[in-house]
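Chemist: Submitted below is the structure of interest, expressed as structure tokens.
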Amino acid sequence: MTRCFRYAFAAFACMLAAASAFAQGYPARPIRILVPFSAGGTVDIVARVVGAKLSADLRQPFVVENKAGAGGTIGVATVAKSPGDGYTLMVMNQALTFSASLYSDLPYDTLRDLAPIAYVGATPNALVVANSLPVRTVQEFLAYARANPGRIAYGSAGIGSAGHLPVELFQSLTGTRLTHVPYKGNPPALTDLIGGQIQAMLLAMPAVMPYVKGGKVRALATSGARRSPALPELPTIAEAGVPGYEYTTWFGMFGPGTLPKELTARLNTAVNKALADAGVLEKLAQQGLEVRAMTSGQFSEIVRADVARWGKIIRELGVRAE
């Protein structure tokens with residue numbers, strides 16, 4: 001063994017030892033969880049439920065911080081550029097994988113600069129309309145849209161959000177033309193939907209459930225492969241007459257790409273433990289979220305596959321961020 005090799009090996013061994021010690025002593029101070037959307041949306045709800053349990057289990061505050069804008073890419077860029085020390089994390093949804101193809105000038109590489117830590121769960125979206133829109137089924141919605149091209153305005157949390165691309169796919173499959181109105185987050189869009197300023201949204205179940213049950217908006221169908229246990233009376237969009245349509249939104253925790261593997265594993269274990277808690281499970285299930293624990297490696301494969309899948313869809317639809 002050469003002297004240089006011995007030095008390099010010793011340095012590497014020291015680095016591994018330091019990472020191990022760091023992971024064992026983590027966390028030693030409050031952790032911030034960035035949410036790349038405004039407060040009150042589904043990503044925010046998931047972050048606060050999981051963050052509260054992590055705070056209790058790890059005995060340090062997990063402080064949720066909302067950093068909205070540009071379809072979530074502003075908040076994501078902040079995390080991507082943060083130190084890989086485990087004190088800046090992010091809860092994000094599937095829209096992360098849309099942005100990789102929607103934006104040509106992202107200040108980060110989705111697969112290189114972010115570390116998938118833990119999958120939390122997934123939920124179908126609900127196609128909801130303003131009470132003032134004279135439709136009660138998907139078929140009535142399609143008939144109205146075809147008779148009034150461009151007259152139905154649908155809101156989303158922004159270009160490239162989880163409420164934008166799936167609606168573009170819906171239009172492509174149904175031959176309809178709706179008008180997209182991007183907002184800085186779902187809550188202001190939902191306010192306008194309730195008020196009738198816009199007519200439709202495709203929203204994840206946790207964000208929309210209270211308004212559906214309270215009669216503020218009308219749900220027509222859900223977007224998953226099977227009916228949602230949270231709204232079992234509603235058909236899926238495919239069942240209701242759009243064969244081949246299927247979309248569910250996943251949620252997960254991420255860190256910077258420089259996050260050490262041992263710390264990633266430590267956080268993955270902590271999140272999976274939180275997800276096994278009966279109280280956390282009940283809160284997320286009430287919101288329509290189907291929880292599933294997996295390793296960080298398994299979650300990474302989901303992210304990688306969705307970047308490829310949605311990249312293909314985005315190219316076929318010809319959608320670009322402005």
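Chain identifiers are assigned as A, B, and so on, following the order in which chains appear in the structure tokens; residues are numbered from 1 within each chain, and ligands are numbered from 1 in order of appearance.
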How close does each residue of stretch 109-224 of chain A get to stretch 81-91 of chain A, giving the shortest atom pair and distance in Å to one decimal for every residue with an atom at most 12 Å away, counting only C-alpha atoms, sorted by chain and residue number, as a tab-separated table?
Modeler:
```
residue	atom	partner	partner_atom	distance
A:Asp109	CA	A:Lys81	CA	10.6
A:Thr110	CA	A:Lys81	CA	11.8
A:Arg112	CA	A:Lys81	CA	11.5
A:Asp113	CA	A:Lys81	CA	7.8
A:Leu114	CA	A:Lys81	CA	9.1
A:Ala115	CA	A:Gly84	CA	9.4
A:Pro116	CA	A:Met90	CA	9.6
A:Ile117	CA	A:Leu89	CA	9.2
A:Ala118	CA	A:Val91	CA	9.4
A:Tyr119	CA	A:Val91	CA	9.6
A:Val120	CA	A:Val91	CA	9.2
A:Gly121	CA	A:Val91	CA	11.5
```
Chemist: Put those residues in a file: all heavy atoms, as a PDB file, in the first residue's frame.
Modeler:
```pdb
ATOM      1  N   ASP A 109     -30.294  20.626 -10.395  1.00  0.00           N
ATOM      2  CA  ASP A 109     -30.575  19.392 -11.118  1.00  0.00           C
ATOM      3  C   ASP A 109     -31.408  18.505 -10.198  1.00  0.00           C
ATOM      4  O   ASP A 109     -30.965  18.143  -9.102  1.00  0.00           O
ATOM      5  CB  ASP A 109     -29.258  18.695 -11.494  1.00  0.00           C
ATOM      6  CG  ASP A 109     -29.484  17.428 -12.309  1.00  0.00           C
ATOM      7  OD1 ASP A 109     -30.036  16.456 -11.749  1.00  0.00           O
ATOM      8  OD2 ASP A 109     -29.097  17.415 -13.492  1.00  0.00           O
ATOM      9  N   THR A 110     -32.612  18.173 -10.632  1.00  0.00           N
ATOM     10  CA  THR A 110     -33.559  17.457  -9.769  1.00  0.00           C
ATOM     11  C   THR A 110     -32.986  16.154  -9.223  1.00  0.00           C
ATOM     12  O   THR A 110     -33.158  15.832  -8.040  1.00  0.00           O
ATOM     13  CB  THR A 110     -34.855  17.160 -10.546  1.00  0.00           C
ATOM     14  OG1 THR A 110     -35.401  18.396 -11.023  1.00  0.00           O
ATOM     15  CG2 THR A 110     -35.887  16.468  -9.669  1.00  0.00           C
ATOM     16  N   ARG A 112     -29.676  15.209  -9.207  1.00  0.00           N
ATOM     17  CA  ARG A 112     -28.342  15.301  -8.617  1.00  0.00           C
ATOM     18  C   ARG A 112     -28.317  16.115  -7.321  1.00  0.00           C
ATOM     19  O   ARG A 112     -27.607  15.768  -6.365  1.00  0.00           O
ATOM     20  CB  ARG A 112     -27.393  15.948  -9.621  1.00  0.00           C
ATOM     21  CG  ARG A 112     -25.931  16.064  -9.136  1.00  0.00           C
ATOM     22  CD  ARG A 112     -25.147  17.004 -10.037  1.00  0.00           C
ATOM     23  NE  ARG A 112     -25.668  18.375  -9.967  1.00  0.00           N
ATOM     24  CZ  ARG A 112     -25.630  19.250 -10.964  1.00  0.00           C
ATOM     25  NH1 ARG A 112     -25.122  18.902 -12.140  1.00  0.00           N
ATOM     26  NH2 ARG A 112     -26.122  20.464 -10.809  1.00  0.00           N
ATOM     27  N   ASP A 113     -29.098  17.195  -7.268  1.00  0.00           N
ATOM     28  CA  ASP A 113     -28.969  18.170  -6.183  1.00  0.00           C
ATOM     29  C   ASP A 113     -29.970  17.988  -5.054  1.00  0.00           C
ATOM     30  O   ASP A 113     -30.009  18.791  -4.117  1.00  0.00           O
ATOM     31  CB  ASP A 113     -29.092  19.590  -6.745  1.00  0.00           C
ATOM     32  CG  ASP A 113     -27.977  19.917  -7.725  1.00  0.00           C
ATOM     33  OD1 ASP A 113     -26.896  19.310  -7.604  1.00  0.00           O
ATOM     34  OD2 ASP A 113     -28.192  20.759  -8.621  1.00  0.00           O
ATOM     35  N   LEU A 114     -30.789  16.935  -5.133  1.00  0.00           N
ATOM     36  CA  LEU A 114     -31.752  16.649  -4.079  1.00  0.00           C
ATOM     37  C   LEU A 114     -31.625  15.196  -3.657  1.00  0.00           C
ATOM     38  O   LEU A 114     -31.382  14.325  -4.492  1.00  0.00           O
ATOM     39  CB  LEU A 114     -33.176  16.921  -4.554  1.00  0.00           C
ATOM     40  CG  LEU A 114     -33.506  18.376  -4.890  1.00  0.00           C
ATOM     41  CD1 LEU A 114     -34.814  18.457  -5.656  1.00  0.00           C
ATOM     42  CD2 LEU A 114     -33.579  19.219  -3.626  1.00  0.00           C
ATOM     43  N   ALA A 115     -31.775  14.948  -2.370  1.00  0.00           N
ATOM     44  CA  ALA A 115     -31.688  13.588  -1.827  1.00  0.00           C
ATOM     45  C   ALA A 115     -33.067  13.150  -1.345  1.00  0.00           C
ATOM     46  O   ALA A 115     -33.566  13.681  -0.336  1.00  0.00           O
ATOM     47  CB  ALA A 115     -30.687  13.541  -0.672  1.00  0.00           C
ATOM     48  N   PRO A 116     -33.732  12.226  -2.042  1.00  0.00           N
ATOM     49  CA  PRO A 116     -34.999  11.694  -1.533  1.00  0.00           C
ATOM     50  C   PRO A 116     -34.747  10.954  -0.215  1.00  0.00           C
ATOM     51  O   PRO A 116     -33.919  10.045  -0.158  1.00  0.00           O
ATOM     52  CB  PRO A 116     -35.450  10.729  -2.635  1.00  0.00           C
ATOM     53  CG  PRO A 116     -34.734  11.203  -3.872  1.00  0.00           C
ATOM     54  CD  PRO A 116     -33.401  11.686  -3.369  1.00  0.00           C
ATOM     55  N   ILE A 117     -35.436  11.367   0.834  1.00  0.00           N
ATOM     56  CA  ILE A 117     -35.219  10.790   2.165  1.00  0.00           C
ATOM     57  C   ILE A 117     -36.277   9.747   2.493  1.00  0.00           C
ATOM     58  O   ILE A 117     -35.961   8.613   2.843  1.00  0.00           O
ATOM     59  CB  ILE A 117     -35.228  11.899   3.239  1.00  0.00           C
ATOM     60  CG1 ILE A 117     -34.021  12.818   3.060  1.00  0.00           C
ATOM     61  CG2 ILE A 117     -35.233  11.292   4.644  1.00  0.00           C
ATOM     62  CD1 ILE A 117     -34.075  14.067   3.918  1.00  0.00           C
ATOM     63  N   ALA A 118     -37.536  10.157   2.390  1.00  0.00           N
ATOM     64  CA  ALA A 118     -38.609   9.245   2.793  1.00  0.00           C
ATOM     65  C   ALA A 118     -39.890   9.546   2.045  1.00  0.00           C
ATOM     66  O   ALA A 118     -40.290  10.704   1.931  1.00  0.00           O
ATOM     67  CB  ALA A 118     -38.857   9.350   4.302  1.00  0.00           C
ATOM     68  N   TYR A 119     -40.506   8.508   1.559  1.00  0.00           N
ATOM     69  CA  TYR A 119     -41.837   8.583   0.952  1.00  0.00           C
ATOM     70  C   TYR A 119     -42.837   8.637   2.105  1.00  0.00           C
ATOM     71  O   TYR A 119     -42.699   7.929   3.104  1.00  0.00           O
ATOM     72  CB  TYR A 119     -42.042   7.334   0.116  1.00  0.00           C
ATOM     73  CG  TYR A 119     -43.335   7.204  -0.647  1.00  0.00           C
ATOM     74  CD1 TYR A 119     -43.416   7.601  -1.975  1.00  0.00           C
ATOM     75  CD2 TYR A 119     -44.459   6.618  -0.057  1.00  0.00           C
ATOM     76  CE1 TYR A 119     -44.596   7.433  -2.706  1.00  0.00           C
ATOM     77  CE2 TYR A 119     -45.636   6.446  -0.777  1.00  0.00           C
ATOM     78  CZ  TYR A 119     -45.702   6.859  -2.099  1.00  0.00           C
ATOM     79  OH  TYR A 119     -46.857   6.688  -2.807  1.00  0.00           O
ATOM     80  N   VAL A 120     -43.855   9.480   1.989  1.00  0.00           N
ATOM     81  CA  VAL A 120     -44.872   9.566   3.036  1.00  0.00           C
ATOM     82  C   VAL A 120     -46.138   8.829   2.614  1.00  0.00           C
ATOM     83  O   VAL A 120     -46.661   8.002   3.347  1.00  0.00           O
ATOM     84  CB  VAL A 120     -45.194  11.035   3.379  1.00  0.00           C
ATOM     85  CG1 VAL A 120     -46.380  11.113   4.345  1.00  0.00           C
ATOM     86  CG2 VAL A 120     -43.971  11.719   4.003  1.00  0.00           C
ATOM     87  N   GLY A 121     -46.637   9.120   1.438  1.00  0.00           N
ATOM     88  CA  GLY A 121     -47.855   8.476   0.985  1.00  0.00           C
ATOM     89  C   GLY A 121     -48.352   9.113  -0.291  1.00  0.00           C
ATOM     90  O   GLY A 121     -47.694   9.981  -0.870  1.00  0.00           O
TER      91      GLY A 121
END
```
Chemist: Using only C-alpha atoms, pick whichever of A:Val303, A:Ala221, A:Leu289, A:Ala274 has the shortest atom-to-atom distance to A:Gly241.
Modeler: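 Nearest to A:Gly241: A:Ala221.
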Chemist: Compile the contact shell of stretch 142-154 of chain A as a VMD selection string: residues with an atom at most 12 Å away, counting only C-alpha atoms, same-chain residues fewer than 5 positions apart removed.
Modeler: chain A and resid 127 to 130 132 to 137 159 163 to 168 170 to 171 173 to 183 186 189 to 190 192 to 193 196 to 203 220 237 240 to 242
Chemist: Restricting it to C-alpha atoms, dump the selection as a CSV table (one decimal), in the first residue's frame.
Modeler:
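Output saved as part.csv:
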```
chain,number,residue,atom,x,y,z
A,127,LEU,CA,-62.0,17.0,-9.7
A,128,VAL,CA,-64.1,19.8,-8.1
A,129,VAL,CA,-66.2,22.6,-9.5
A,130,ALA,CA,-67.8,25.8,-8.3
A,132,SER,CA,-72.4,27.9,-9.7
A,133,LEU,CA,-71.3,25.6,-12.6
A,134,PRO,CA,-74.3,23.7,-13.8
A,135,VAL,CA,-72.8,20.3,-13.9
A,136,ARG,CA,-72.9,17.3,-11.5
A,137,THR,CA,-71.1,14.6,-13.4
A,159,ILE,CA,-47.4,26.4,-13.7
A,163,GLY,CA,-53.0,20.7,-10.2
A,164,HIS,CA,-51.7,21.9,-13.6
A,165,LEU,CA,-50.1,19.1,-15.6
A,166,PRO,CA,-52.8,16.4,-14.8
A,167,VAL,CA,-55.5,18.8,-16.1
A,168,GLU,CA,-53.5,19.3,-19.3
A,170,PHE,CA,-57.2,15.4,-19.0
A,171,GLN,CA,-57.8,17.9,-21.8
A,173,LEU,CA,-57.5,12.8,-23.5
A,174,THR,CA,-61.0,14.4,-23.8
A,175,GLY,CA,-60.5,16.9,-26.5
A,176,THR,CA,-61.6,19.8,-24.4
A,177,ARG,CA,-60.1,23.3,-24.0
A,178,LEU,CA,-60.1,24.8,-20.5
A,179,THR,CA,-58.3,28.1,-19.4
A,180,HIS,CA,-55.5,27.7,-16.9
A,181,VAL,CA,-55.3,30.4,-14.1
A,182,PRO,CA,-52.1,29.9,-12.1
A,183,TYR,CA,-52.0,31.1,-8.5
A,186,ASN,CA,-53.8,26.3,-3.8
A,189,ALA,CA,-57.2,29.4,-6.0
A,190,LEU,CA,-59.6,27.5,-3.7
A,192,ASP,CA,-61.7,31.9,-5.9
A,193,LEU,CA,-63.3,28.6,-6.7
A,196,GLY,CA,-67.1,31.4,-8.5
A,197,GLN,CA,-64.3,33.5,-10.0
A,198,ILE,CA,-62.9,30.2,-11.4
A,199,GLN,CA,-64.9,27.1,-12.2
A,200,ALA,CA,-62.8,24.0,-11.6
A,201,MET,CA,-59.7,22.6,-9.9
A,202,LEU,CA,-58.1,19.2,-9.6
A,203,LEU,CA,-57.0,19.1,-6.0
A,220,LEU,CA,-67.4,15.1,-9.6
A,237,ILE,CA,-62.4,9.9,-13.7
A,240,ALA,CA,-66.9,8.3,-15.4
A,241,GLY,CA,-66.0,8.2,-19.1
A,242,VAL,CA,-62.3,9.1,-19.6
```
Chemist: Skipping near chain neighbours, those fewer than 4 positions away, what residues fall within 12 Å of A:Asn66 using only C-alpha atoms, listed as a ChimeraX atom specification?
Modeler: /A:32-41,43-45,47-48,72,74-76,78,89-92,184-185
